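Here's the structure we're looking at; comments come further down.
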Amino acid sequence: MRPRMNPESIKLDNDGTFQLSQNWHKYGTCPQGTIPIRRNIKDYRSTLLRKHRLSKFSHPKTPNTLQPNDDITDGHEVLAGFLEDFNSIEAGWEVCQPRYGDYQTRFFILWTTDGYKNSCTNLECEGFVHTSSDVALGCNFTEMSTFKGDQKDATFSIHKDQSSGNWWVQIQGIPVGYYPSSLFTQLSKTATKVEFGGEIFNEISKGRHTIAQMGSGHFPSEGGLGVSSYFSHVQIIDENNEAKDPQNVELYVSNPNCYDLKIENTNGYGFYYGGPGYNDNCQ
């Protein structure tokens with residue numbers, strides 16, 4: 001299957017600047033009609049890691065320290081509902097050692113229908129219908145940006161197919177797969193909010209903020225392109241299936257001494273973001 005109706009007026013910016021090649025491609029490819037599935041290194045589920053996600057807008061006063069199970073995500077999500085009826089779909093980049101066994105940056109998706117009491121990443125459980133034979137969930141890519149060097153960016157999106165009602169995830173213009181509308185309560189109708197940005201999650205608190213870096217690990221104030229991480233050409237797909245620049249934008253930075261954000265609208269709506277985590281000013 002493919003989306004029957006793609007959004008209009010979407011800015012693809014030449015589908016990003018990196019070639020869509022994942023590391024597993026050097027061992028071969030999957031035939032059409034099949035999908036690549038990453039072999040899990042252990043029985044790991046995202047529920048424990050994500051169970052406190054809804055508290056991110058009321059952060060605890062006690063800071064965290066670095067642990068091997070830090071989870072770092074950069075991406076966007078569509079949201080609807082409240083509390084136990086909260087629905088969300090996420091897509092983007094993730095570094096999560098407990099899940100993958102390393103600290104490499106990987107493409108991930110995640111969804112919940114009950115306010116993160118239960119959530120599912122990639123293909124850990126039934127729900128997402130994977131359709132691409134070229135893109136594997138939870139796998140890293142052969143090209144990455146370098147600090148003050150070449151920048152490799154990618155386009156990715158989540159949109160509701162106006163014909164079927166399914167929520168499609170795409171990267172570099174390639175449909176990766178879809179979430180059936182029937183999975184959701186609130187998102188079966190529409191999304192009421194869209195979020196973009198970075199997030200650090202750490203389970204263990206020992207009196208100090210985590211040293212996990214967000215993005216490149218450098219603040220937007222240290223420089224723009226090539227220094228700090230960025231989102232560019234950010235757009236929202238409205239009820240008429242048209243892509244538009246965001247409106248009524250709310251900015252949220254939990255602690256600007258640890259990670260910060262700078263809006264950049266010179267080439268469509270975008271922003272620089274990130275930071276080092278623990279430092280002299282971020283305790």
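Chain labels A, B, ... are given in the sequence in which chains occur in the structure tokens; within each chain residues are numbered consecutively from 1, and ligands are likewise numbered from 1 in the order shown.
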
Given only C-alpha atoms, how would the per-residue table for stretch 166-280 of chain A near stretch 113-134 of chain A read, listing every residue at most 6 Å away with its closest atom pair and distance in Å to one decimal, sorted by chain and number, as JSON lines?
```
{"residue": "A:Val176", "atom": "CA", "partner": "A:Ser132", "partner_atom": "CA", "distance": 4.9}
{"residue": "A:Gly177", "atom": "CA", "partner": "A:His130", "partner_atom": "CA", "distance": 4.3}
{"residue": "A:Tyr178", "atom": "CA", "partner": "A:Val129", "partner_atom": "CA", "distance": 5.3}
{"residue": "A:Tyr179", "atom": "CA", "partner": "A:Phe128", "partner_atom": "CA", "distance": 4.8}
```

Export C-alpha atoms of the chosen residues as a tab-separated table (two decimals), in the first residue's frame?
```tsv
chain	number	residue	atom	x	y	z
A	176	VAL	CA	7.65	3.60	5.53
A	177	GLY	CA	4.24	2.36	6.65
A	178	TYR	CA	1.08	3.41	8.40
A	179	TYR	CA	-0.89	3.29	11.63
```

Inset, instruction - Write out as number ranges by chain each polymer residue whose atoms come within 9 Å of A:Asp74, counting only C-alpha atoms; drop sequence neighbours fewer than 2 positions from it. - result: A: 72, 76, 91-94, 196-200, 214-215

Those selected residues, please, written with N, CA, C and O atoms and delivered as a short mmCIF file (atom, residue, chain, number, x, y, z; two decimals), in the first residue's frame.
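Result saved to part.cif:
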```
data_model
loop_
_atom_site.label_atom_id
_atom_site.label_comp_id
_atom_site.auth_asym_id
_atom_site.auth_seq_id
_atom_site.Cartn_x
_atom_site.Cartn_y
_atom_site.Cartn_z
N ILE A 72 17.56 9.62 24.19
CA ILE A 72 17.63 10.92 23.53
C ILE A 72 16.84 10.82 22.24
O ILE A 72 17.12 9.98 21.39
N HIS A 76 9.32 14.66 15.69
CA HIS A 76 8.05 15.35 15.84
C HIS A 76 6.95 14.34 16.12
O HIS A 76 7.10 13.15 15.89
N ALA A 91 7.85 10.24 15.41
CA ALA A 91 8.83 9.76 14.44
C ALA A 91 10.04 10.67 14.48
O ALA A 91 9.92 11.88 14.72
N GLY A 92 11.22 10.11 14.28
CA GLY A 92 12.43 10.91 14.27
C GLY A 92 13.67 10.09 14.53
O GLY A 92 13.75 8.92 14.14
N TRP A 93 14.66 10.72 15.23
CA TRP A 93 15.94 10.06 15.54
C TRP A 93 15.98 9.73 17.02
O TRP A 93 15.46 10.47 17.85
N GLU A 94 16.62 8.64 17.35
CA GLU A 94 16.71 8.22 18.75
C GLU A 94 18.07 7.60 19.04
O GLU A 94 18.63 6.88 18.22
N PHE A 196 7.52 19.56 17.73
CA PHE A 196 8.82 19.33 17.09
C PHE A 196 9.90 19.65 18.11
O PHE A 196 9.74 20.57 18.90
N GLY A 197 11.00 18.92 18.08
CA GLY A 197 12.11 19.28 18.95
C GLY A 197 12.89 18.10 19.45
O GLY A 197 12.86 17.01 18.86
N GLY A 198 13.63 18.31 20.54
CA GLY A 198 14.46 17.28 21.13
C GLY A 198 14.03 17.00 22.55
O GLY A 198 13.42 17.85 23.22
N GLU A 199 14.38 15.81 23.03
CA GLU A 199 13.96 15.40 24.36
C GLU A 199 15.00 14.45 24.94
O GLU A 199 15.51 13.58 24.25
N ILE A 200 15.31 14.63 26.22
CA ILE A 200 16.19 13.73 26.95
C ILE A 200 15.36 13.07 28.04
O ILE A 200 14.66 13.75 28.79
N MET A 214 22.07 16.79 23.76
CA MET A 214 20.94 16.85 22.83
C MET A 214 21.44 17.44 21.53
O MET A 214 22.14 18.45 21.53
N GLY A 215 21.08 16.79 20.41
CA GLY A 215 21.55 17.27 19.12
C GLY A 215 23.06 17.12 19.01
O GLY A 215 23.61 16.05 19.31
#
```

Legend entry - Residues flagged alpha helix (DSSP H) by DSSP in stretch 76-191 of chain A, as a PyMOL selection string: chain A and resi 97-100

Do a neighbour search on A:Thr105 at 9 Å with only C-alpha atoms, toss out local chain neighbours closer than 5 positions, and write the hits as a PDB file with N, CA and C atoms, in the first residue's frame.
```
ATOM      1  N   TRP A  93      14.662  10.716  15.231  1.00  0.00           N
ATOM      2  CA  TRP A  93      15.936  10.064  15.541  1.00  0.00           C
ATOM      3  C   TRP A  93      15.976   9.729  17.021  1.00  0.00           C
ATOM      4  N   GLU A  94      16.623   8.644  17.353  1.00  0.00           N
ATOM      5  CA  GLU A  94      16.707   8.223  18.749  1.00  0.00           C
ATOM      6  C   GLU A  94      18.066   7.597  19.040  1.00  0.00           C
ATOM      7  N   VAL A  95      18.594   7.891  20.234  1.00  0.00           N
ATOM      8  CA  VAL A  95      19.746   7.179  20.782  1.00  0.00           C
ATOM      9  C   VAL A  95      19.279   6.535  22.076  1.00  0.00           C
ATOM     10  N   CYS A  96      19.295   5.212  22.149  1.00  0.00           N
ATOM     11  CA  CYS A  96      18.773   4.512  23.327  1.00  0.00           C
ATOM     12  C   CYS A  96      19.551   3.210  23.512  1.00  0.00           C
ATOM     13  N   GLY A 138      14.482   1.348  13.537  1.00  0.00           N
ATOM     14  CA  GLY A 138      15.476   1.075  14.555  1.00  0.00           C
ATOM     15  C   GLY A 138      16.879   0.882  14.010  1.00  0.00           C
ATOM     16  N   CYS A 139      17.111   1.207  12.746  1.00  0.00           N
ATOM     17  CA  CYS A 139      18.439   1.041  12.155  1.00  0.00           C
ATOM     18  C   CYS A 139      19.078   2.403  11.872  1.00  0.00           C
ATOM     19  N   ASN A 140      20.411   2.414  11.894  1.00  0.00           N
ATOM     20  CA  ASN A 140      21.131   3.655  11.659  1.00  0.00           C
ATOM     21  C   ASN A 140      21.442   3.832  10.181  1.00  0.00           C
ATOM     22  N   PHE A 141      21.954   5.035   9.830  1.00  0.00           N
ATOM     23  CA  PHE A 141      22.216   5.390   8.449  1.00  0.00           C
ATOM     24  C   PHE A 141      23.710   5.517   8.199  1.00  0.00           C
ATOM     25  N   MET A 144      26.057  10.824   8.312  1.00  0.00           N
ATOM     26  CA  MET A 144      25.716  11.650   9.457  1.00  0.00           C
ATOM     27  C   MET A 144      26.379  13.015   9.294  1.00  0.00           C
TER      28      MET A 144
END
```

Inset, instruction - Compile the contact shell of A:Tyr272 as a count of residues only: residues with an atom at most 10 Å away, counting only C-alpha atoms, same-chain residues fewer than 5 positions apart removed. - result: 20

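Candidate residues A:Asn87, A:Ser216, A:Pro175, A:Asn255 were compared for distance to A:Ser145, and the nearest is A:Ser216, using only C-alpha atoms.
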
Inset, instruction - Mind giving me the straight-line distance from atom CA of A:Asp153 to atom CA of A:Gly275 in Å, one decimal? - result: 18.6 Å

Inset, instruction - May I ask which of the residues A:Trp167, A:Asn281, A:Arg99, A:Ile109 is the closest one to A:Phe184, counting only C-alpha atoms? - result: A:Trp167

Inset, instruction - Write out as a PyMOL selection string which residues come within 12 Å of A:Trp24 when counting only C-alpha atoms, dropping same-chain ones fewer than 4 positions away. - result: chain A and resi 20+28-30+36-39+134-142

Could you please take those selected residues and save C-alpha atoms as a compact mmCIF listing (two decimals), in the first residue's frame?
```txt
# COMPACT_ATOMS: atom_id res chain seq x y z
CA LEU A 20 18.86 7.07 2.09
CA GLY A 28 21.97 -6.89 0.68
CA THR A 29 18.42 -5.66 0.16
CA CYS A 30 14.92 -6.98 0.71
CA PRO A 36 13.36 -5.58 6.84
CA ILE A 37 12.96 -6.35 10.55
CA ARG A 38 15.77 -5.58 12.96
CA ARG A 39 16.66 -8.49 15.23
CA ASP A 134 14.15 -0.23 1.89
CA VAL A 135 13.78 1.37 5.33
CA ALA A 136 14.23 -0.62 8.54
CA LEU A 137 12.90 0.75 11.81
CA GLY A 138 15.48 1.07 14.55
CA CYS A 139 18.44 1.04 12.15
CA ASN A 140 21.13 3.66 11.66
CA PHE A 141 22.22 5.39 8.45
CA THR A 142 25.52 5.47 6.61
```

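Using only C-alpha atoms, the smallest distance between any of A:Ser254, A:Thr266, A:Thr185, A:Asn166 and A:Ser88 comes from A:Thr185.
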
Env of stretch 157-159 of chain A: 12 Å cut, atoms = only C-alpha atoms, seq-sep filter 5 positions within chain, self excluded. Answer as a short mmCIF file (atom, residue, chain, number, x, y, z; two decimals) with N, CA, C and O atoms, in the first residue's frame.
```
data_model
loop_
_atom_site.label_atom_id
_atom_site.label_comp_id
_atom_site.auth_asym_id
_atom_site.auth_seq_id
_atom_site.Cartn_x
_atom_site.Cartn_y
_atom_site.Cartn_z
N PRO A 3 0.18 5.81 0.41
CA PRO A 3 -0.85 6.82 0.69
C PRO A 3 -1.60 7.16 -0.58
O PRO A 3 -1.00 7.34 -1.64
N ARG A 4 -2.90 7.25 -0.49
CA ARG A 4 -3.70 7.55 -1.67
C ARG A 4 -3.69 9.04 -1.98
O ARG A 4 -3.80 9.44 -3.13
N MET A 5 -3.56 9.86 -0.94
CA MET A 5 -3.59 11.30 -1.12
C MET A 5 -2.45 11.93 -0.33
O MET A 5 -2.48 11.94 0.89
N ASN A 6 -1.42 12.42 -1.02
CA ASN A 6 -0.33 13.10 -0.35
C ASN A 6 -0.68 14.57 -0.13
O ASN A 6 -1.42 15.16 -0.93
N PRO A 7 -0.15 15.17 0.93
CA PRO A 7 -0.45 16.59 1.18
C PRO A 7 0.03 17.48 0.04
O PRO A 7 1.01 17.18 -0.64
N GLU A 8 -0.70 18.57 -0.17
CA GLU A 8 -0.34 19.52 -1.21
C GLU A 8 0.56 20.61 -0.65
O GLU A 8 0.53 20.93 0.54
N ILE A 10 3.63 20.77 0.02
CA ILE A 10 4.64 20.44 1.01
C ILE A 10 6.02 20.76 0.45
O ILE A 10 6.31 20.52 -0.73
N LYS A 11 6.90 21.35 1.29
CA LYS A 11 8.25 21.73 0.89
C LYS A 11 9.19 20.57 1.17
O LYS A 11 9.58 20.33 2.31
N LEU A 12 9.57 19.85 0.15
CA LEU A 12 10.45 18.70 0.34
C LEU A 12 11.92 19.07 0.33
O LEU A 12 12.76 18.31 0.78
N ASP A 15 14.14 16.56 -0.89
CA ASP A 15 14.14 15.35 -0.06
C ASP A 15 15.38 15.22 0.81
O ASP A 15 15.87 14.13 1.07
N GLY A 75 12.67 14.70 17.01
CA GLY A 75 11.68 14.38 15.99
C GLY A 75 10.42 15.20 16.17
O GLY A 75 10.44 16.29 16.73
N HIS A 76 9.32 14.66 15.69
CA HIS A 76 8.05 15.35 15.84
C HIS A 76 6.95 14.34 16.12
O HIS A 76 7.10 13.15 15.89
N GLU A 77 5.85 14.85 16.67
CA GLU A 77 4.74 13.98 17.02
C GLU A 77 3.42 14.71 16.81
O GLU A 77 3.34 15.93 16.89
N VAL A 78 2.38 13.92 16.53
CA VAL A 78 1.02 14.45 16.44
C VAL A 78 0.26 13.93 17.65
O VAL A 78 0.41 12.77 18.05
N LEU A 79 -0.55 14.81 18.25
CA LEU A 79 -1.18 14.51 19.53
C LEU A 79 -2.66 14.80 19.50
O LEU A 79 -3.14 15.64 18.74
N SER A 88 -0.87 9.57 20.72
CA SER A 88 0.31 10.22 20.14
C SER A 88 0.99 9.30 19.15
O SER A 88 1.02 8.08 19.34
N ILE A 89 1.52 9.89 18.08
CA ILE A 89 2.39 9.20 17.13
C ILE A 89 3.67 10.02 17.03
O ILE A 89 3.62 11.23 16.83
N GLU A 90 4.82 9.37 17.15
CA GLU A 90 6.10 10.05 17.07
C GLU A 90 6.97 9.43 15.98
O GLU A 90 6.85 8.25 15.68
N ALA A 91 7.85 10.24 15.41
CA ALA A 91 8.83 9.76 14.44
C ALA A 91 10.04 10.67 14.48
O ALA A 91 9.92 11.88 14.72
N GLY A 92 11.22 10.11 14.28
CA GLY A 92 12.43 10.91 14.27
C GLY A 92 13.67 10.09 14.53
O GLY A 92 13.75 8.92 14.14
N ILE A 109 9.99 5.07 15.40
CA ILE A 109 8.61 5.52 15.52
C ILE A 109 8.06 5.01 16.85
O ILE A 109 8.58 4.05 17.42
N LEU A 110 7.03 5.68 17.36
CA LEU A 110 6.43 5.31 18.63
C LEU A 110 4.99 5.75 18.65
O LEU A 110 4.64 6.77 18.06
N TRP A 111 4.14 4.99 19.37
CA TRP A 111 2.73 5.40 19.48
C TRP A 111 2.17 4.96 20.83
O TRP A 111 2.67 4.04 21.48
N SER A 164 -8.18 7.04 3.37
CA SER A 164 -8.32 5.87 4.24
C SER A 164 -8.41 6.22 5.72
O SER A 164 -8.90 5.41 6.52
N GLY A 165 -7.91 7.41 6.10
CA GLY A 165 -7.87 7.78 7.51
C GLY A 165 -6.65 7.26 8.23
O GLY A 165 -6.47 7.54 9.42
N ASN A 166 -5.79 6.49 7.56
CA ASN A 166 -4.59 5.95 8.18
C ASN A 166 -3.52 7.03 8.33
O ASN A 166 -3.45 7.96 7.53
N TRP A 167 -2.68 6.88 9.35
CA TRP A 167 -1.58 7.81 9.60
C TRP A 167 -0.30 7.25 9.00
O TRP A 167 0.22 6.24 9.47
N TRP A 168 0.23 7.92 7.98
CA TRP A 168 1.42 7.45 7.27
C TRP A 168 2.68 8.12 7.80
O TRP A 168 2.70 9.33 8.05
N VAL A 169 3.74 7.34 7.93
CA VAL A 169 5.06 7.85 8.28
C VAL A 169 5.93 7.77 7.03
O VAL A 169 6.01 6.72 6.38
N GLN A 170 6.57 8.89 6.68
CA GLN A 170 7.42 8.93 5.49
C GLN A 170 8.78 9.52 5.85
O GLN A 170 8.88 10.38 6.70
N ILE A 171 9.82 9.04 5.18
CA ILE A 171 11.15 9.61 5.31
C ILE A 171 11.76 9.72 3.93
O ILE A 171 11.67 8.78 3.12
N GLN A 172 12.33 10.88 3.63
CA GLN A 172 12.88 11.16 2.31
C GLN A 172 11.85 10.90 1.20
O GLN A 172 12.19 10.45 0.11
N GLY A 173 10.59 11.18 1.49
CA GLY A 173 9.52 10.97 0.53
C GLY A 173 9.11 9.52 0.35
O GLY A 173 8.23 9.23 -0.47
N ILE A 174 9.72 8.60 1.09
CA ILE A 174 9.40 7.17 0.98
C ILE A 174 8.39 6.78 2.05
O ILE A 174 8.65 6.99 3.25
N PRO A 175 7.24 6.24 1.69
CA PRO A 175 6.29 5.77 2.69
C PRO A 175 6.86 4.55 3.43
O PRO A 175 7.09 3.50 2.83
N VAL A 176 7.11 4.70 4.73
CA VAL A 176 7.65 3.60 5.53
C VAL A 176 6.55 2.64 5.94
O VAL A 176 6.74 1.43 5.99
N GLY A 177 5.38 3.17 6.23
CA GLY A 177 4.24 2.36 6.65
C GLY A 177 3.20 3.24 7.29
O GLY A 177 3.32 4.47 7.29
N TYR A 178 2.18 2.62 7.87
CA TYR A 178 1.08 3.41 8.40
C TYR A 178 0.50 2.81 9.69
O TYR A 178 0.62 1.61 9.96
N TYR A 179 -0.10 3.69 10.48
CA TYR A 179 -0.89 3.29 11.63
C TYR A 179 -2.36 3.31 11.22
O TYR A 179 -2.88 4.36 10.84
N PRO A 180 -3.06 2.18 11.27
CA PRO A 180 -4.48 2.19 10.94
C PRO A 180 -5.25 3.13 11.86
O PRO A 180 -4.99 3.19 13.07
N SER A 181 -6.16 3.86 11.29
CA SER A 181 -6.97 4.80 12.07
C SER A 181 -7.71 4.09 13.20
O SER A 181 -7.95 4.68 14.27
N LEU A 187 -7.04 10.23 17.76
CA LEU A 187 -6.37 10.42 16.48
C LEU A 187 -7.11 9.73 15.33
O LEU A 187 -6.72 9.89 14.18
N THR A 190 -8.74 13.44 14.31
CA THR A 190 -7.80 14.47 13.89
C THR A 190 -6.77 14.67 14.99
O THR A 190 -6.97 14.22 16.13
N ALA A 191 -5.68 15.33 14.68
CA ALA A 191 -4.70 15.74 15.69
C ALA A 191 -5.05 17.15 16.15
O ALA A 191 -5.51 17.98 15.37
N VAL A 194 0.71 19.52 17.38
CA VAL A 194 1.90 18.94 16.76
C VAL A 194 3.12 19.49 17.48
O VAL A 194 3.19 20.69 17.76
N GLU A 195 4.07 18.62 17.81
CA GLU A 195 5.29 19.04 18.50
C GLU A 195 6.52 18.69 17.68
O GLU A 195 6.56 17.64 17.04
N PHE A 196 7.52 19.56 17.73
CA PHE A 196 8.82 19.33 17.09
C PHE A 196 9.90 19.65 18.11
O PHE A 196 9.74 20.57 18.90
N HIS A 233 12.22 24.10 7.35
CA HIS A 233 11.00 23.88 6.56
C HIS A 233 9.94 23.11 7.35
O HIS A 233 9.30 22.20 6.83
N VAL A 234 9.77 23.48 8.61
CA VAL A 234 8.75 22.84 9.43
C VAL A 234 7.37 23.27 8.94
O VAL A 234 7.10 24.46 8.78
N GLN A 235 6.51 22.30 8.70
CA GLN A 235 5.16 22.60 8.21
C GLN A 235 4.11 21.76 8.93
O GLN A 235 4.41 20.70 9.50
N ILE A 236 2.90 22.26 8.90
CA ILE A 236 1.74 21.58 9.46
C ILE A 236 0.76 21.26 8.34
O ILE A 236 0.54 22.10 7.46
N ILE A 237 0.20 20.08 8.33
CA ILE A 237 -0.79 19.69 7.32
C ILE A 237 -2.17 19.90 7.91
O ILE A 237 -2.52 19.31 8.93
N ASP A 238 -2.97 20.76 7.28
CA ASP A 238 -4.26 21.13 7.86
C ASP A 238 -5.36 20.18 7.42
O ASP A 238 -5.12 19.17 6.74
N GLU A 239 -6.58 20.51 7.83
CA GLU A 239 -7.74 19.64 7.55
C GLU A 239 -8.07 19.55 6.07
O GLU A 239 -8.80 18.65 5.64
N ASN A 240 -7.53 20.48 5.25
CA ASN A 240 -7.73 20.44 3.81
C ASN A 240 -6.60 19.71 3.08
O ASN A 240 -6.50 19.78 1.86
N ASN A 241 -5.75 19.05 3.86
CA ASN A 241 -4.62 18.28 3.33
C ASN A 241 -3.59 19.17 2.64
O ASN A 241 -2.92 18.76 1.71
N GLU A 242 -3.47 20.40 3.13
CA GLU A 242 -2.49 21.33 2.61
C GLU A 242 -1.42 21.61 3.64
O GLU A 242 -1.70 21.76 4.84
N ALA A 243 -0.18 21.66 3.19
CA ALA A 243 0.95 21.94 4.07
C ALA A 243 1.12 23.44 4.23
O ALA A 243 1.18 24.17 3.25
#
```

Legend entry - Picked from stretch 75-282 of chain A by DSSP as strand (DSSP E or B), as an MDAnalysis selection string: chainID A and resid 75:80 87:96 106:112 119:121 129:130 141 156:160 167:171 174:179 193:201 214 229:231 236:237 242:244 260:264 266 268 270:275

For the selection you just gave me, I'd like the residues written to a file as an mmCIF file, in the first residue's frame, keeping C-alpha atoms.
```
data_model
loop_
_atom_site.group_PDB
_atom_site.id
_atom_site.type_symbol
_atom_site.label_atom_id
_atom_site.label_comp_id
_atom_site.auth_asym_id
_atom_site.auth_seq_id
_atom_site.Cartn_x
_atom_site.Cartn_y
_atom_site.Cartn_z
ATOM 1 C CA GLY A 75 11.682 14.384 15.990
ATOM 2 C CA HIS A 76 8.050 15.347 15.844
ATOM 3 C CA GLU A 77 4.736 13.976 17.018
ATOM 4 C CA VAL A 78 1.024 14.446 16.443
ATOM 5 C CA LEU A 79 -1.176 14.510 19.525
ATOM 6 C CA ALA A 80 -4.804 14.386 20.590
ATOM 7 C CA ASN A 87 -3.086 9.552 21.722
ATOM 8 C CA SER A 88 0.311 10.217 20.144
ATOM 9 C CA ILE A 89 2.392 9.196 17.128
ATOM 10 C CA GLU A 90 6.105 10.053 17.068
ATOM 11 C CA ALA A 91 8.827 9.756 14.441
ATOM 12 C CA GLY A 92 12.432 10.914 14.268
ATOM 13 C CA TRP A 93 15.936 10.064 15.541
ATOM 14 C CA GLU A 94 16.707 8.223 18.749
ATOM 15 C CA VAL A 95 19.746 7.179 20.782
ATOM 16 C CA CYS A 96 18.773 4.512 23.327
ATOM 17 C CA ARG A 106 18.626 5.512 14.676
ATOM 18 C CA PHE A 107 15.322 6.159 12.939
ATOM 19 C CA PHE A 108 12.384 5.301 15.208
ATOM 20 C CA ILE A 109 8.608 5.518 15.516
ATOM 21 C CA LEU A 110 6.434 5.308 18.634
ATOM 22 C CA TRP A 111 2.735 5.396 19.483
ATOM 23 C CA THR A 112 0.376 5.307 22.444
ATOM 24 C CA SER A 119 3.450 2.465 24.327
ATOM 25 C CA CYS A 120 5.151 0.742 21.451
ATOM 26 C CA THR A 121 8.365 1.622 19.605
ATOM 27 C CA VAL A 129 1.900 -1.726 9.262
ATOM 28 C CA HIS A 130 5.403 -1.620 7.780
ATOM 29 C CA PHE A 141 22.216 5.390 8.449
ATOM 30 C CA PHE A 156 10.307 13.023 7.431
ATOM 31 C CA SER A 157 6.605 13.414 8.045
ATOM 32 C CA ILE A 158 3.492 12.037 9.702
ATOM 33 C CA HIS A 159 0.243 12.726 7.897
ATOM 34 C CA LYS A 160 -3.304 11.418 7.868
ATOM 35 C CA TRP A 167 -1.583 7.813 9.603
ATOM 36 C CA TRP A 168 1.422 7.448 7.267
ATOM 37 C CA VAL A 169 5.062 7.848 8.283
ATOM 38 C CA GLN A 170 7.417 8.927 5.490
ATOM 39 C CA ILE A 171 11.155 9.611 5.310
ATOM 40 C CA ILE A 174 9.402 7.168 0.979
ATOM 41 C CA PRO A 175 6.289 5.772 2.692
ATOM 42 C CA VAL A 176 7.652 3.601 5.527
ATOM 43 C CA GLY A 177 4.240 2.356 6.648
ATOM 44 C CA TYR A 178 1.077 3.413 8.402
ATOM 45 C CA TYR A 179 -0.894 3.287 11.635
ATOM 46 C CA LYS A 193 -1.446 19.509 18.489
ATOM 47 C CA VAL A 194 1.897 18.943 16.757
ATOM 48 C CA GLU A 195 5.286 19.043 18.503
ATOM 49 C CA PHE A 196 8.823 19.333 17.088
ATOM 50 C CA GLY A 197 12.106 19.281 18.953
ATOM 51 C CA GLY A 198 14.457 17.277 21.134
ATOM 52 C CA GLU A 199 13.958 15.401 24.364
ATOM 53 C CA ILE A 200 16.187 13.734 26.949
ATOM 54 C CA PHE A 201 14.765 11.037 29.204
ATOM 55 C CA MET A 214 20.940 16.852 22.835
ATOM 56 C CA SER A 229 21.262 20.843 15.371
ATOM 57 C CA TYR A 230 18.308 22.164 13.439
ATOM 58 C CA PHE A 231 14.846 21.676 11.987
ATOM 59 C CA ILE A 236 1.735 21.579 9.465
ATOM 60 C CA ILE A 237 -0.786 19.689 7.321
ATOM 61 C CA GLU A 242 -2.495 21.333 2.606
ATOM 62 C CA ALA A 243 0.948 21.937 4.073
ATOM 63 C CA LYS A 244 1.335 25.313 5.768
ATOM 64 C CA ASP A 260 18.138 25.724 24.451
ATOM 65 C CA LEU A 261 16.214 26.771 21.362
ATOM 66 C CA LYS A 262 16.481 29.560 18.782
ATOM 67 C CA ILE A 263 13.875 30.258 16.103
ATOM 68 C CA GLU A 264 15.222 30.774 12.567
ATOM 69 C CA THR A 266 15.024 33.028 7.099
ATOM 70 C CA GLY A 268 10.713 28.984 6.049
ATOM 71 C CA GLY A 270 12.738 26.425 11.498
ATOM 72 C CA PHE A 271 14.878 26.441 14.602
ATOM 73 C CA TYR A 272 18.254 25.521 16.070
ATOM 74 C CA TYR A 273 18.280 23.560 19.301
ATOM 75 C CA GLY A 274 20.285 21.397 21.690
ATOM 76 C CA GLY A 275 22.985 21.608 24.312
#
```

Inset, instruction - Could you check which of A:His209, A:Lys148, A:Lys26, A:Arg2 is closest to A:Glu222, using only C-alpha atoms? - result: A:Lys148

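You will find atom CA of A:Asp245 at 10.3 Å from atom CA of A:Asn265.
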